[in-house]
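As stored in data-v4.pdb (PDB, C-alpha atoms, pLDDT in the B column):
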ATOM      1  CA  MET A 247     -64.776 -27.409   1.056  1.00 67.00           C
ATOM      2  CA  LYS A 248     -67.056 -26.821   4.047  1.00 70.00           C
ATOM      3  CA  LYS A 249     -64.494 -24.614   5.756  1.00 77.00           C
ATOM      4  CA  TYR A 250     -64.334 -22.317   2.707  1.00 85.00           C
ATOM      5  CA  PHE A 251     -68.120 -21.988   2.498  1.00 87.00           C
ATOM      6  CA  LEU A 252     -68.545 -18.737   4.479  1.00 88.00           C
ATOM      7  CA  GLY A 253     -65.538 -17.190   2.720  1.00 88.00           C
ATOM      8  CA  ILE A 254     -66.942 -18.010  -0.722  1.00 90.00           C
ATOM      9  CA  ILE A 255     -70.341 -16.575   0.258  1.00 90.00           C
ATOM     10  CA  ALA A 256     -68.601 -13.411   1.506  1.00 90.00           C
ATOM     11  CA  VAL A 257     -66.635 -12.972  -1.737  1.00 90.00           C
ATOM     12  CA  LEU A 258     -69.757 -13.527  -3.848  1.00 90.00           C
ATOM     13  CA  LEU A 259     -71.740 -11.022  -1.776  1.00 90.00           C
ATOM     14  CA  ALA A 260     -68.916  -8.469  -2.045  1.00 87.00           C
ATOM     15  CA  VAL A 261     -68.777  -8.839  -5.835  1.00 87.00           C
ATOM     16  CA  CYS A 262     -72.586  -8.555  -6.088  1.00 86.00           C
ATOM     17  CA  PHE A 263     -72.722  -5.446  -3.876  1.00 84.00           C
ATOM     18  CA  SER A 264     -69.924  -3.710  -5.758  1.00 82.00           C
ATOM     19  CA  ALA A 265     -71.583  -4.586  -9.078  1.00 79.00           C
ATOM     20  CA  PHE A 266     -74.786  -2.868  -7.947  1.00 74.00           C
ATOM     21  CA  ASN A 267     -72.706   0.027  -6.750  1.00 67.00           C
ATOM     22  CA  SER A 268     -71.160   0.575 -10.171  1.00 53.00           C
ATOM     23  CA  ILE A 269     -74.542   0.527 -11.920  1.00 48.00           C
ATOM     24  CA  LYS A 270     -75.656   3.527  -9.873  1.00 47.00           C
ATOM     25  CA  GLU A 271     -75.585   6.730 -11.938  1.00 45.00           C
ATOM     26  CA  LYS A 272     -72.990   9.136 -10.670  1.00 45.00           C
ATOM     27  CA  PRO A 273     -72.625  12.818 -11.455  1.00 44.00           C
ATOM     28  CA  LYS A 274     -69.695  13.585 -13.732  1.00 49.00           C
ATOM     29  CA  LEU A 275     -66.619  14.427 -11.760  1.00 55.00           C
ATOM     30  CA  THR A 276     -65.569  17.974 -12.617  1.00 70.00           C
ATOM     31  CA  ASP A 277     -62.021  19.063 -11.963  1.00 79.00           C
ATOM     32  CA  PRO A 278     -61.722  21.542  -9.117  1.00 84.00           C
ATOM     33  CA  TYR A 279     -60.110  24.965  -9.539  1.00 88.00           C
ATOM     34  CA  TRP A 280     -57.006  25.148  -7.346  1.00 90.00           C
ATOM     35  CA  PHE A 281     -55.908  28.362  -5.685  1.00 92.00           C
ATOM     36  CA  GLN A 282     -52.847  29.308  -3.666  1.00 93.00           C
ATOM     37  CA  ILE A 283     -54.129  30.958  -0.498  1.00 92.00           C
ATOM     38  CA  SER A 284     -52.288  33.816   1.131  1.00 90.00           C
ATOM     39  CA  ASN A 285     -53.170  35.016   4.644  1.00 87.00           C
ATOM     40  CA  GLN A 286     -54.385  32.732   7.399  1.00 89.00           C
ATOM     41  CA  TYR A 287     -57.655  30.862   6.869  1.00 90.00           C
ATOM     42  CA  THR A 288     -58.554  27.717   8.728  1.00 85.00           C
ATOM     43  CA  PRO A 289     -60.260  25.003   6.634  1.00 81.00           C
ATOM     44  CA  GLY A 290     -64.015  25.407   6.300  1.00 80.00           C
ATOM     45  CA  HIS A 291     -63.975  29.233   6.258  1.00 86.00           C
ATOM     46  CA  ALA A 292     -64.677  31.615   3.385  1.00 89.00           C
ATOM     47  CA  VAL A 293     -61.649  33.001   1.533  1.00 91.00           C
ATOM     48  CA  LYS A 294     -61.393  36.589   0.295  1.00 92.00           C
ATOM     49  CA  GLN A 295     -61.071  36.984  -3.462  1.00 91.00           C
ATOM     50  CA  ALA A 296     -57.824  38.960  -3.082  1.00 92.00           C
ATOM     51  CA  ASP A 297     -56.197  36.172  -1.043  1.00 92.00           C
ATOM     52  CA  ALA A 298     -56.714  33.417  -3.634  1.00 92.00           C
ATOM     53  CA  ALA A 299     -54.358  33.125  -6.616  1.00 92.00           C
ATOM     54  CA  PHE A 300     -55.435  30.705  -9.348  1.00 92.00           C
ATOM     55  CA  ILE A 301     -52.967  27.862  -9.992  1.00 91.00           C
ATOM     56  CA  GLN A 302     -54.709  25.390 -12.297  1.00 88.00           C
ATOM     57  CA  GLN A 303     -57.802  23.301 -12.930  1.00 86.00           C
ATOM     58  CA  SER A 304     -57.124  19.596 -12.479  1.00 81.00           C
ATOM     59  CA  LEU A 305     -58.481  16.440 -10.881  1.00 75.00           C
ATOM     60  CA  THR A 306     -55.571  16.142  -8.467  1.00 76.00           C
ATOM     61  CA  ALA A 307     -54.314  18.989  -6.307  1.00 80.00           C
ATOM     62  CA  PRO A 308     -51.055  20.817  -7.149  1.00 84.00           C
ATOM     63  CA  LEU A 309     -48.263  20.977  -4.551  1.00 83.00           C
ATOM     64  CA  GLY A 310     -48.514  24.736  -4.002  1.00 84.00           C
ATOM     65  CA  THR A 311     -45.814  26.905  -2.456  1.00 86.00           C
ATOM     66  CA  GLY A 312     -44.718  26.659   1.167  1.00 86.00           C
ATOM     67  CA  CYS A 313     -47.353  24.082   2.069  1.00 86.00           C
ATOM     68  CA  THR A 314     -45.415  22.165   4.690  1.00 81.00           C
ATOM     69  CA  ALA A 315     -47.416  22.422   7.903  1.00 79.00           C
ATOM     70  CA  SER A 316     -50.893  21.756   9.193  1.00 78.00           C
ATOM     71  CA  THR A 317     -52.837  24.804  10.393  1.00 82.00           C
ATOM     72  CA  TYR A 318     -54.012  27.214   7.687  1.00 86.00           C
ATOM     73  CA  ASP A 319     -55.264  26.801   4.096  1.00 88.00           C
ATOM     74  CA  CYS A 320     -52.373  26.716   1.605  1.00 89.00           C
ATOM     75  CA  VAL A 321     -53.845  25.181  -1.553  1.00 88.00           C
ATOM     76  CA  ALA A 322     -57.637  25.156  -1.732  1.00 88.00           C
ATOM     77  CA  GLY A 323     -60.018  23.717  -4.303  1.00 86.00           C
ATOM     78  CA  PHE A 324     -63.188  25.457  -5.489  1.00 88.00           C
ATOM     79  CA  ASP A 325     -66.037  24.282  -7.729  1.00 84.00           C
ATOM     80  CA  ALA A 326     -66.743  25.831 -11.119  1.00 84.00           C
ATOM     81  CA  THR A 327     -69.763  27.620  -9.601  1.00 85.00           C
ATOM     82  CA  GLN A 328     -67.470  29.502  -7.208  1.00 89.00           C
ATOM     83  CA  VAL A 329     -65.118  30.843  -9.865  1.00 89.00           C
ATOM     84  CA  ASN A 330     -65.719  33.547 -12.498  1.00 88.00           C
ATOM     85  CA  SER A 331     -64.602  33.526 -16.134  1.00 84.00           C
ATOM     86  CA  SER A 332     -61.295  35.230 -15.238  1.00 86.00           C
ATOM     87  CA  ASN A 333     -60.391  32.359 -12.894  1.00 88.00           C
ATOM     88  CA  GLN A 334     -60.946  34.429  -9.782  1.00 90.00           C
ATOM     89  CA  LEU A 335     -63.236  33.697  -6.860  1.00 91.00           C
ATOM     90  CA  LYS A 336     -66.683  35.158  -7.489  1.00 88.00           C
ATOM     91  CA  ASP A 337     -66.770  37.121  -4.248  1.00 90.00           C
ATOM     92  CA  ASN A 338     -65.408  37.179  -0.716  1.00 91.00           C
ATOM     93  CA  SER A 339     -67.753  34.511   0.626  1.00 90.00           C
ATOM     94  CA  GLN A 340     -66.547  31.357  -1.131  1.00 90.00           C
ATOM     95  CA  VAL A 341     -65.718  28.403   1.121  1.00 88.00           C
ATOM     96  CA  PRO A 342     -63.212  25.911  -0.378  1.00 87.00           C
ATOM     97  CA  SER A 343     -64.691  22.547  -1.356  1.00 81.00           C
ATOM     98  CA  SER A 344     -61.395  20.960  -0.315  1.00 80.00           C
ATOM     99  CA  VAL A 345     -58.126  22.014   1.281  1.00 82.00           C
ATOM    100  CA  PRO A 346     -55.479  19.454   0.351  1.00 81.00           C
ATOM    101  CA  ARG A 347     -52.414  21.457   1.455  1.00 83.00           C
ATOM    102  CA  LEU A 348     -51.908  23.312   4.705  1.00 84.00           C
ATOM    103  CA  LYS A 349     -49.321  25.701   6.126  1.00 85.00           C
ATOM    104  CA  ASN A 350     -48.501  27.406   9.417  1.00 83.00           C
TER     105      ASN A 350
ATOM    106  CA  MET B 224     -71.441 -25.648  22.570  1.00 54.00           C
ATOM    107  CA  LYS B 225     -68.339 -23.699  23.628  1.00 57.00           C
ATOM    108  CA  THR B 226     -66.191 -25.522  21.036  1.00 58.00           C
ATOM    109  CA  VAL B 227     -68.753 -24.838  18.315  1.00 59.00           C
ATOM    110  CA  LYS B 228     -68.676 -21.146  19.290  1.00 58.00           C
ATOM    111  CA  LYS B 229     -64.884 -21.133  19.175  1.00 61.00           C
ATOM    112  CA  THR B 230     -64.832 -22.477  15.622  1.00 73.00           C
ATOM    113  CA  ILE B 231     -67.856 -20.666  14.200  1.00 86.00           C
ATOM    114  CA  VAL B 232     -67.185 -17.188  15.581  1.00 88.00           C
ATOM    115  CA  PRO B 233     -63.766 -16.769  13.858  1.00 89.00           C
ATOM    116  CA  ASP B 234     -65.351 -18.107  10.639  1.00 90.00           C
ATOM    117  CA  ILE B 235     -68.132 -15.518  10.793  1.00 92.00           C
ATOM    118  CA  ILE B 236     -65.733 -12.689  11.680  1.00 93.00           C
ATOM    119  CA  SER B 237     -63.363 -13.602   8.865  1.00 93.00           C
ATOM    120  CA  ALA B 238     -66.312 -13.783   6.420  1.00 94.00           C
ATOM    121  CA  LEU B 239     -67.391 -10.289   7.505  1.00 94.00           C
ATOM    122  CA  PHE B 240     -63.859  -8.969   6.922  1.00 95.00           C
ATOM    123  CA  ILE B 241     -63.635 -10.715   3.538  1.00 95.00           C
ATOM    124  CA  LEU B 242     -66.943  -9.093   2.574  1.00 94.00           C
ATOM    125  CA  LEU B 243     -65.754  -5.679   3.762  1.00 93.00           C
ATOM    126  CA  PHE B 244     -62.281  -5.775   2.196  1.00 94.00           C
ATOM    127  CA  VAL B 245     -63.282  -7.331  -1.141  1.00 94.00           C
ATOM    128  CA  TYR B 246     -66.215  -4.936  -1.494  1.00 92.00           C
ATOM    129  CA  THR B 247     -64.205  -1.793  -0.683  1.00 90.00           C
ATOM    130  CA  ALA B 248     -61.217  -2.928  -2.780  1.00 92.00           C
ATOM    131  CA  ILE B 249     -63.376  -3.589  -5.857  1.00 91.00           C
ATOM    132  CA  THR B 250     -65.153  -0.249  -5.415  1.00 87.00           C
ATOM    133  CA  LYS B 251     -61.825   1.580  -5.083  1.00 87.00           C
ATOM    134  CA  LEU B 252     -60.549  -0.072  -8.269  1.00 89.00           C
ATOM    135  CA  ILE B 253     -63.768   0.540 -10.234  1.00 86.00           C
ATOM    136  CA  GLU B 254     -63.851   4.215  -9.226  1.00 82.00           C
ATOM    137  CA  HIS B 255     -60.077   4.555  -9.284  1.00 84.00           C
ATOM    138  CA  GLU B 256     -59.934   8.015 -10.810  1.00 79.00           C
ATOM    139  CA  SER B 257     -62.247   9.594  -8.254  1.00 76.00           C
ATOM    140  CA  PHE B 258     -60.515   7.628  -5.492  1.00 81.00           C
ATOM    141  CA  ILE B 259     -57.173   9.261  -6.422  1.00 82.00           C
ATOM    142  CA  ALA B 260     -58.868  12.660  -6.615  1.00 76.00           C
ATOM    143  CA  VAL B 261     -60.344  12.358  -3.118  1.00 76.00           C
ATOM    144  CA  LEU B 262     -57.098  10.959  -1.668  1.00 80.00           C
ATOM    145  CA  SER B 263     -55.078  13.787  -3.205  1.00 77.00           C
ATOM    146  CA  GLN B 264     -57.287  16.312  -1.420  1.00 74.00           C
ATOM    147  CA  SER B 265     -56.361  14.946   1.984  1.00 75.00           C
ATOM    148  CA  PRO B 266     -53.622  16.976   3.705  1.00 72.00           C
ATOM    149  CA  LEU B 267     -52.185  13.775   5.237  1.00 74.00           C
ATOM    150  CA  ILE B 268     -51.911  11.804   1.987  1.00 75.00           C
ATOM    151  CA  GLY B 269     -51.810  14.443  -0.772  1.00 69.00           C
ATOM    152  CA  ILE B 270     -48.619  13.766  -2.699  1.00 71.00           C
ATOM    153  CA  ASN B 271     -48.707   9.971  -2.237  1.00 79.00           C
ATOM    154  CA  ALA B 272     -52.283   9.640  -3.501  1.00 81.00           C
ATOM    155  CA  THR B 273     -51.459   7.677  -6.680  1.00 84.00           C
ATOM    156  CA  ILE B 274     -49.266   5.107  -4.896  1.00 89.00           C
ATOM    157  CA  LEU B 275     -51.763   4.673  -2.065  1.00 89.00           C
ATOM    158  CA  SER B 276     -54.656   4.322  -4.493  1.00 90.00           C
ATOM    159  CA  TRP B 277     -53.049   1.054  -5.686  1.00 93.00           C
ATOM    160  CA  VAL B 278     -51.473  -0.111  -2.429  1.00 94.00           C
ATOM    161  CA  LEU B 279     -54.692   0.097  -0.372  1.00 93.00           C
ATOM    162  CA  PRO B 280     -56.945  -2.136  -2.524  1.00 94.00           C
ATOM    163  CA  ILE B 281     -54.084  -4.593  -3.078  1.00 95.00           C
ATOM    164  CA  LEU B 282     -53.505  -4.820   0.691  1.00 96.00           C
ATOM    165  CA  GLU B 283     -57.233  -5.296   1.264  1.00 95.00           C
ATOM    166  CA  ILE B 284     -57.447  -8.118  -1.282  1.00 95.00           C
ATOM    167  CA  PHE B 285     -54.288  -9.726   0.127  1.00 96.00           C
ATOM    168  CA  THR B 286     -55.775  -9.587   3.661  1.00 96.00           C
ATOM    169  CA  ALA B 287     -59.029 -11.101   2.388  1.00 95.00           C
ATOM    170  CA  MET B 288     -57.004 -13.942   0.802  1.00 95.00           C
ATOM    171  CA  LEU B 289     -55.200 -14.606   4.098  1.00 95.00           C
ATOM    172  CA  LEU B 290     -58.558 -14.717   5.899  1.00 94.00           C
ATOM    173  CA  PHE B 291     -59.970 -17.062   3.252  1.00 93.00           C
ATOM    174  CA  ILE B 292     -57.287 -19.722   3.829  1.00 92.00           C
ATOM    175  CA  PRO B 293     -57.959 -21.303   7.267  1.00 89.00           C
ATOM    176  CA  THR B 294     -54.273 -22.005   8.010  1.00 90.00           C
ATOM    177  CA  MET B 295     -53.356 -18.362   7.293  1.00 92.00           C
ATOM    178  CA  ARG B 296     -56.317 -16.890   9.144  1.00 92.00           C
ATOM    179  CA  LYS B 297     -54.395 -15.658  12.183  1.00 91.00           C
ATOM    180  CA  TRP B 298     -52.148 -13.600   9.866  1.00 94.00           C
ATOM    181  CA  GLY B 299     -55.293 -12.378   8.135  1.00 94.00           C
ATOM    182  CA  PHE B 300     -56.731 -11.192  11.446  1.00 94.00           C
ATOM    183  CA  ALA B 301     -53.416  -9.555  12.371  1.00 95.00           C
ATOM    184  CA  SER B 302     -53.330  -7.786   9.009  1.00 96.00           C
ATOM    185  CA  SER B 303     -57.009  -6.765   9.395  1.00 95.00           C
ATOM    186  CA  LEU B 304     -56.278  -5.344  12.836  1.00 95.00           C
ATOM    187  CA  ILE B 305     -53.323  -3.313  11.535  1.00 95.00           C
ATOM    188  CA  LEU B 306     -55.371  -2.024   8.571  1.00 95.00           C
ATOM    189  CA  MET B 307     -58.335  -1.121  10.791  1.00 95.00           C
ATOM    190  CA  LEU B 308     -56.068   0.672  13.274  1.00 95.00           C
ATOM    191  CA  ILE B 309     -54.502   2.703  10.443  1.00 92.00           C
ATOM    192  CA  PHE B 310     -57.941   3.550   8.984  1.00 90.00           C
ATOM    193  CA  THR B 311     -59.290   4.464  12.427  1.00 91.00           C
ATOM    194  CA  GLY B 312     -56.261   6.690  13.101  1.00 89.00           C
ATOM    195  CA  TYR B 313     -56.768   8.388   9.729  1.00 85.00           C
ATOM    196  CA  ILE B 314     -60.473   8.984  10.459  1.00 85.00           C
ATOM    197  CA  THR B 315     -59.661  10.398  13.899  1.00 85.00           C
ATOM    198  CA  TYR B 316     -57.225  12.806  12.219  1.00 79.00           C
ATOM    199  CA  MET B 317     -59.812  13.780   9.595  1.00 77.00           C
ATOM    200  CA  ILE B 318     -62.479  14.402  12.262  1.00 77.00           C
ATOM    201  CA  SER B 319     -60.039  16.572  14.197  1.00 74.00           C
ATOM    202  CA  PHE B 320     -58.420  18.548  11.383  1.00 67.00           C
ATOM    203  CA  ALA B 321     -60.224  18.140   8.058  1.00 65.00           C
ATOM    204  CA  ARG B 322     -63.869  17.348   8.768  1.00 62.00           C
ATOM    205  CA  HIS B 323     -64.957  19.258   5.646  1.00 61.00           C
ATOM    206  CA  LEU B 324     -63.251  16.786   3.274  1.00 65.00           C
ATOM    207  CA  PRO B 325     -65.086  13.828   1.703  1.00 65.00           C
ATOM    208  CA  CYS B 326     -64.194  10.287   2.739  1.00 69.00           C
ATOM    209  CA  SER B 327     -61.916   8.353   0.388  1.00 65.00           C
ATOM    210  CA  CYS B 328     -63.480   5.031   1.351  1.00 69.00           C
ATOM    211  CA  GLY B 329     -65.225   2.746  -1.115  1.00 63.00           C
ATOM    212  CA  GLY B 330     -68.896   2.192  -1.918  1.00 67.00           C
ATOM    213  CA  VAL B 331     -71.747   2.753   0.522  1.00 71.00           C
ATOM    214  CA  ILE B 332     -69.243   3.348   3.319  1.00 75.00           C
ATOM    215  CA  SER B 333     -68.418   6.732   1.773  1.00 71.00           C
ATOM    216  CA  ALA B 334     -72.051   7.739   2.404  1.00 75.00           C
ATOM    217  CA  MET B 335     -71.381   7.651   6.168  1.00 80.00           C
ATOM    218  CA  THR B 336     -70.511  10.778   8.102  1.00 81.00           C
ATOM    219  CA  TRP B 337     -67.058  10.900   9.733  1.00 81.00           C
ATOM    220  CA  PRO B 338     -68.395  10.059  13.265  1.00 84.00           C
ATOM    221  CA  GLU B 339     -70.498   7.173  11.860  1.00 86.00           C
ATOM    222  CA  HIS B 340     -67.448   5.914  10.020  1.00 87.00           C
ATOM    223  CA  LEU B 341     -65.392   6.110  13.210  1.00 89.00           C
ATOM    224  CA  ILE B 342     -67.933   3.968  15.086  1.00 91.00           C
ATOM    225  CA  PHE B 343     -68.040   1.516  12.160  1.00 92.00           C
ATOM    226  CA  ASN B 344     -64.230   1.238  12.207  1.00 92.00           C
ATOM    227  CA  ILE B 345     -64.031   0.831  15.985  1.00 94.00           C
ATOM    228  CA  PHE B 346     -66.568  -1.998  15.705  1.00 95.00           C
ATOM    229  CA  PHE B 347     -64.492  -3.768  13.030  1.00 94.00           C
ATOM    230  CA  THR B 348     -61.261  -3.150  14.966  1.00 95.00           C
ATOM    231  CA  ALA B 349     -62.865  -4.853  17.978  1.00 95.00           C
ATOM    232  CA  LEU B 350     -63.988  -7.722  15.718  1.00 94.00           C
ATOM    233  CA  ALA B 351     -60.404  -8.132  14.453  1.00 94.00           C
ATOM    234  CA  CYS B 352     -59.159  -8.300  18.070  1.00 94.00           C
ATOM    235  CA  ILE B 353     -61.772 -10.933  18.943  1.00 93.00           C
ATOM    236  CA  GLY B 354     -60.964 -12.939  15.799  1.00 92.00           C
ATOM    237  CA  LEU B 355     -57.230 -12.806  16.489  1.00 91.00           C
ATOM    238  CA  ARG B 356     -57.697 -13.815  20.117  1.00 91.00           C
ATOM    239  CA  LEU B 357     -60.005 -16.723  19.265  1.00 89.00           C
ATOM    240  CA  THR B 358     -57.703 -17.968  16.496  1.00 87.00           C
ATOM    241  CA  PHE B 359     -54.701 -17.969  18.830  1.00 80.00           C
ATOM    242  CA  ARG B 360     -56.751 -19.653  21.584  1.00 71.00           C
ATOM    243  CA  ASN B 361     -57.819 -22.415  19.200  1.00 65.00           C
ATOM    244  CA  LYS B 362     -54.179 -23.045  18.201  1.00 59.00           C
ATOM    245  CA  LEU B 363     -53.185 -23.185  21.871  1.00 55.00           C
ATOM    246  CA  PHE B 364     -56.026 -25.597  22.602  1.00 55.00           C
ATOM    247  CA  ILE B 365     -54.913 -27.930  19.784  1.00 56.00           C
ATOM    248  CA  ALA B 366     -51.272 -27.730  20.874  1.00 56.00           C
ATOM    249  CA  ILE B 367     -52.118 -28.592  24.492  1.00 56.00           C
ATOM    250  CA  GLY B 368     -54.350 -31.425  23.280  1.00 54.00           C
ATOM    251  CA  ARG B 369     -51.557 -32.934  21.180  1.00 57.00           C
ATOM    252  CA  ASN B 370     -48.884 -32.647  23.871  1.00 57.00           C
ATOM    253  CA  SER B 371     -51.011 -34.243  26.541  1.00 54.00           C
ATOM    254  CA  ARG B 372     -51.914 -37.229  24.388  1.00 54.00           C
ATOM    255  CA  THR B 373     -50.475 -40.351  26.020  1.00 50.00           C
ATOM    256  CA  PRO B 374     -49.506 -43.429  23.977  1.00 50.00           C
ATOM    257  CA  VAL B 375     -51.962 -46.274  24.247  1.00 41.00           C
TER     258      VAL B 375
END
Go ahead and express the file in the form of structure tokens.
Amino acid sequence: MKKYFLGIIAVLLAVCFSAFNSIKEKPKLTDPYWFQISNQYTPGHAVKQADAAFIQQSLTAPLGTGCTASTYDCVAGFDATQVNSSNQLKDNSQVPSSVPRLKN
Amino acid sequence: MKTVKKTIVPDIISALFILLFVYTAITKLIEHESFIAVLSQSPLIGINATILSWVLPILEIFTAMLLFIPTMRKWGFASSLILMLIFTGYITYMISFARHLPCSCGGVISAMTWPEHLIFNIFFTALACIGLRLTFRNKLFIAIGRNSRTPV
């Protein structure tokens, strides 16, 4: 029993910590707006409105078209605050909140 | 004193890994939906996000179980080392190519920045190496002790 002591303590601590973690209030996860990006933008840079074509709004990213390499934005996600009511980017200065698919 | 160190140090290291893996696995399972969402946004994982979202916590819990059982501990350390190397490789990739993305790790660890997380992972990778080395040394020590025992 003695040799399991530290392990048992570790498991109990882990369960306690994760329990506290789940109590913490979290903001509601809103589904990103996914856009197919034409032209060459590296992740972290603003995308022009004309180069972003709306695909869908969903929690997980769509596959996109021709996203098979690793240099430029291919499918990019934007928050609701960055998109207008016609599902277009608000202006030419919106930086993607995530870029799950890349292309060359 | 040296023998005490040799037995206590692997125990402490394995307890730290159990704490880490059980904590992150539970957090990943509790926040499963957001875990998939973050994983799916990674260019490296993307399409396999759903499968990985189950495989990762299961592997972590399995590794913690191996570490918990003293006779299986060396396999637990080996598994921990492999997992930590994979995680560290992934973080290095993210720092190099997708620094803007959030971390898909569980709990308070996700509050770390990518460089902080890299240091954290390197530390735990080193711990896994030490644990593995000490566990193998202990086995060797016992084996030598048994072989050299002469009949009375």
List as a ChimeraX atom specification the residues having at least one atom at most 6 Å from position (-59.1, -23.6, 3.5) as given in the file, counting only C-alpha atoms.
/A:249-250 /B:292-293
Please write the residues picked by the ChimeraX specification (/B :<8) & /A on this file as a VMD selection string.
chain A and resid 249 to 250 252 to 253 255 to 257 259 to 261 263 to 264 267 to 268 275 289 to 290 305 to 307 309 316 343 to 348
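Minimum atom-to-atom distance to B:Ala349, evaluated using only C-alpha atoms, belongs to B:Ile305 out of B:Leu282, B:Ile305, B:Leu275, B:Ile314.
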Applied to the shown file, which residues does the PyMOL selection byres ((chain B and resi 340) around 12) return, written as a PyMOL selection string?
chain B and resi 307+310-315+317-318+325-329+331-339+341-347
Using only C-alpha atoms for the distances, tell me which of A:Leu335, A:Cys320, A:Ile254, A:Ala265 is nearest to A:Thr288.
A:Cys320
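The interatomic distance for the pair atom CA of A:Lys294 and atom CA of A:Asn338 works out to 4.2 Å.
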Atom CA of B:Phe300 to atom CA of A:Phe266: how many Å, to one decimal?
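Separating atom CA of B:Phe300 from atom CA of A:Phe266 is a distance of 27.8 Å.
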